[in-house]
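Novice: First the structure, then my questions, so here it is.
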Amino acid sequence: MQKRIFDYTAQDFKTASRNQLVDSIKNSEGRTIMVENVVAIAPPIDMVSGAEIAAAFGADMITLNCLDVMNPIIKTLSESPDDVMNIEQIKALTGRLIGCNLEPVPSNVTHVDVGRTVTKETIEQAIKIGLNYVMLTGNPGNCVTQETILDAISLVRSVSKDIIVIAGKMHAGGVGNDYNLSIIDQFAEAGADVMMFPAPYTTPGVDSNLAKSMMMKVHDSGMLGMLAIGTSQEGATESYIEKVAMACKAAGADIVHIGDGGYSGIAPPENIMRLGITLRGRRHQYKRMANRR
């Protein structure tokens, strides 16, 4: 039986190669879930991190947003400001694939900490601290374009052939909805494993038909495809999440992403769970929630 990512244990993640992990996502047939979490703010519940909440409600991949890889601390809800966590602890507690956003910002953007941007040093540091993947994308207002992302893919691959690279945009990111499908082949040639686009009904003009065209072209290039809910609609109703999830599956997405716009840096847990039940059904969802570490 081909191994699927939601069947993986923590030990599997420790020993699997980049190609094995990418294949496990492909074998999951659209049932892989990525949950994003802002680690620079305290989570909504004490004694647990946002990443642990994400894992508890069914995440396969957890993306740490606003992580400074040069100072990789993860805040917790605690009376002590010194009560923080590190990547090693997060990986041990969640048993999931852990990555972070790195932003290929233009040189004139100076308000983003260096540890959140794409440089040779930050890529090396991301690998050193044990991240399984990097997601090359842009937060709103940081002027990241598909072209700056393309350059970043090549830089990552010049440093490492082993780390998983996810690249693309889920929303305007401060420069407009530049979803140019003609650049897809260049992303693949540069070495990206997964290309990201916005999920249907999240940005103006992106419907299920366009999403299907995006995923078909991504697959034709040899990459996997991810559709992302990253426009704060991750904090919308469960019925909305369900509709988007069904549209993502029909469009051919290998990974469905749910963003961090909810409670203190993470989507409402019930929306994460609704996404999982819709994409997987209860059997696989509850098995994942049981946290097979």
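Just so we're on the same page: first chain in the structure tokens is A, next is B, and so on; residues restart at 1 for each chain, and ligands are numbered from 1 in the order they show up.
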Residues of stretch 58-119 of chain A that approach stretch 33-37 of chain A to 10 Å or less, counting only C-alpha atoms: could you list each one with the shortest pair of atoms and its distance in Å to one decimal, rows by chain and increasing residue number, as JSON lines?
Specialist:
{"residue": "A:Gly58", "atom": "CA", "partner": "A:Ile33", "partner_atom": "CA", "distance": 7.5}
{"residue": "A:Ala59", "atom": "CA", "partner": "A:Ile33", "partner_atom": "CA", "distance": 5.4}
{"residue": "A:Asp60", "atom": "CA", "partner": "A:Ile33", "partner_atom": "CA", "distance": 5.4}
{"residue": "A:Met61", "atom": "CA", "partner": "A:Met34", "partner_atom": "CA", "distance": 4.5}
{"residue": "A:Ile62", "atom": "CA", "partner": "A:Val35", "partner_atom": "CA", "distance": 5.0}
{"residue": "A:Thr63", "atom": "CA", "partner": "A:Glu36", "partner_atom": "CA", "distance": 4.6}
{"residue": "A:Leu64", "atom": "CA", "partner": "A:Asn37", "partner_atom": "CA", "distance": 5.2}
{"residue": "A:Asn65", "atom": "CA", "partner": "A:Asn37", "partner_atom": "CA", "distance": 5.6}
{"residue": "A:Cys66", "atom": "CA", "partner": "A:Asn37", "partner_atom": "CA", "distance": 8.6}
{"residue": "A:Leu67", "atom": "CA", "partner": "A:Asn37", "partner_atom": "CA", "distance": 9.5}
{"residue": "A:Leu97", "atom": "CA", "partner": "A:Met34", "partner_atom": "CA", "distance": 9.3}
{"residue": "A:Ile98", "atom": "CA", "partner": "A:Met34", "partner_atom": "CA", "distance": 9.7}
{"residue": "A:Gly99", "atom": "CA", "partner": "A:Glu36", "partner_atom": "CA", "distance": 9.4}
{"residue": "A:Cys100", "atom": "CA", "partner": "A:Glu36", "partner_atom": "CA", "distance": 8.7}
{"residue": "A:Asn101", "atom": "CA", "partner": "A:Glu36", "partner_atom": "CA", "distance": 9.3}
Novice: So that I can see what lies close to A:Ile258, please list as a ChimeraX atom specification the residues with an atom at most 12 Å from it, counting only C-alpha atoms and leaving out residues fewer than 4 positions away in the same chain.
Specialist: /A:32-37,54,58-63,170,198-199,202,226-236,241-242,244-245,248,262,265-276
Novice: Give me, as a PyMOL selection string, the residues of stretch 35-271 of chain A that a backbone DSSP run labels alpha helix (DSSP H).
Specialist: chain A and resi 50-56+87-94+120-128+146-159+184-190+208-220+238-251+269-271
Novice: So that I can see what lies close to A:Gly95, please list as a PyMOL selection string the residues with an atom at most 12 Å from it, counting only C-alpha atoms and leaving out residues fewer than 5 positions away in the same chain.
Specialist: chain A and resi 5-14+51-52+54-56+58-62+87-90+132+288-293
Novice: Fewer than 5 positions away in the same chain doesn't count, so skip those; otherwise give me all residues within 12 Å of A:Thr137, counting only C-alpha atoms, as a ChimeraX atom specification.
Specialist: /A:63,65-66,100-105,116-118,142-153,165-174,194-198,228,230
Novice: Could you state the separation of atom CA of A:Ser213 and atom CA of A:Ala247 in Å, given to one decimal place?
Specialist: 12.6 Å
Novice: Between A:Ile123, A:Val114, A:Met215, A:Met47, which residue has the minimum interatomic distance to A:Val159, considering only C-alpha atoms?
Specialist: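 Ranked by minimum distance to A:Val159, first place goes to A:Ile123.
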Novice: Looking only at the backbone, which of the residues in stretch 35-172 of chain A does DSSP tag as strand (DSSP E), as a list in words?
Specialist: Val35, Glu36, Asn37, Val38, Met61, Ile62, Thr63, Leu64, Asn65, Ile74, Lys75, Val84, Met85, Leu97, Ile98, Gly99, Cys100, Asn101, Leu102, Tyr133, Val134, Met135, Leu136, Ile164, Val165, Ile166, Ala167 and Gly168 of chain A
Novice: Distance atom CA of A:Ile45-atom CA of A:Lys128, one decimal place?
Specialist: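 One can read the atom CA of A:Ile45 to atom CA of A:Lys128 distance as 29.2 Å.
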Novice: Between A:Lys243, A:Lys217, A:His111, A:Lys26, which is the closest to A:Thr278 once you count only C-alpha atoms?
Specialist: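 Smallest distance to A:Thr278 is found for A:Lys243.
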Novice: Between atom CA of A:Ala251 and atom CA of A:Tyr201, what is the spacing in Å?
Specialist: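 Result for atom CA of A:Tyr201 versus atom CA of A:Ala251: 12.4 Å, one decimal.
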Novice: Find the residues around A:Thr76 up to 10 Å (only C-alpha atoms counted), leave out those fewer than 3 positions away in its own chain, and share them as a list in words.
Specialist: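 The residues that qualify are Val39, Ala40, Ile41, Ala42, Pro43, Pro44, Ile45, Asp46, Met47, Val48, Ser49, Gly50, Ile73, Glu79, Ser80, Pro81, Asp82, Asp83, Val84 and Met85 of chain A.
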Novice: Rank nothing, just name the residue among A:Met223, A:Lys161, A:Ser28, A:Asp23 nearest to A:His284, using only C-alpha atoms.
Specialist: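 Comparing A:Met223, A:Lys161, A:Ser28, A:Asp23 against A:His284, the winner is A:Ser28.
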Novice: Of the residues A:Val218, A:Ile277, A:Val38, A:Leu224, which is the one nearest to A:Asp260, using only C-alpha atoms?
Specialist: A:Val38
Novice: Considering only C-alpha atoms, state which residue in the set A:Ser221, A:Arg4, A:Asn71, A:Asp178 is at the smallest distance from A:Ser24.
Specialist: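 When distances to A:Ser24 are compared using only C-alpha atoms, the smallest one comes from A:Arg4.
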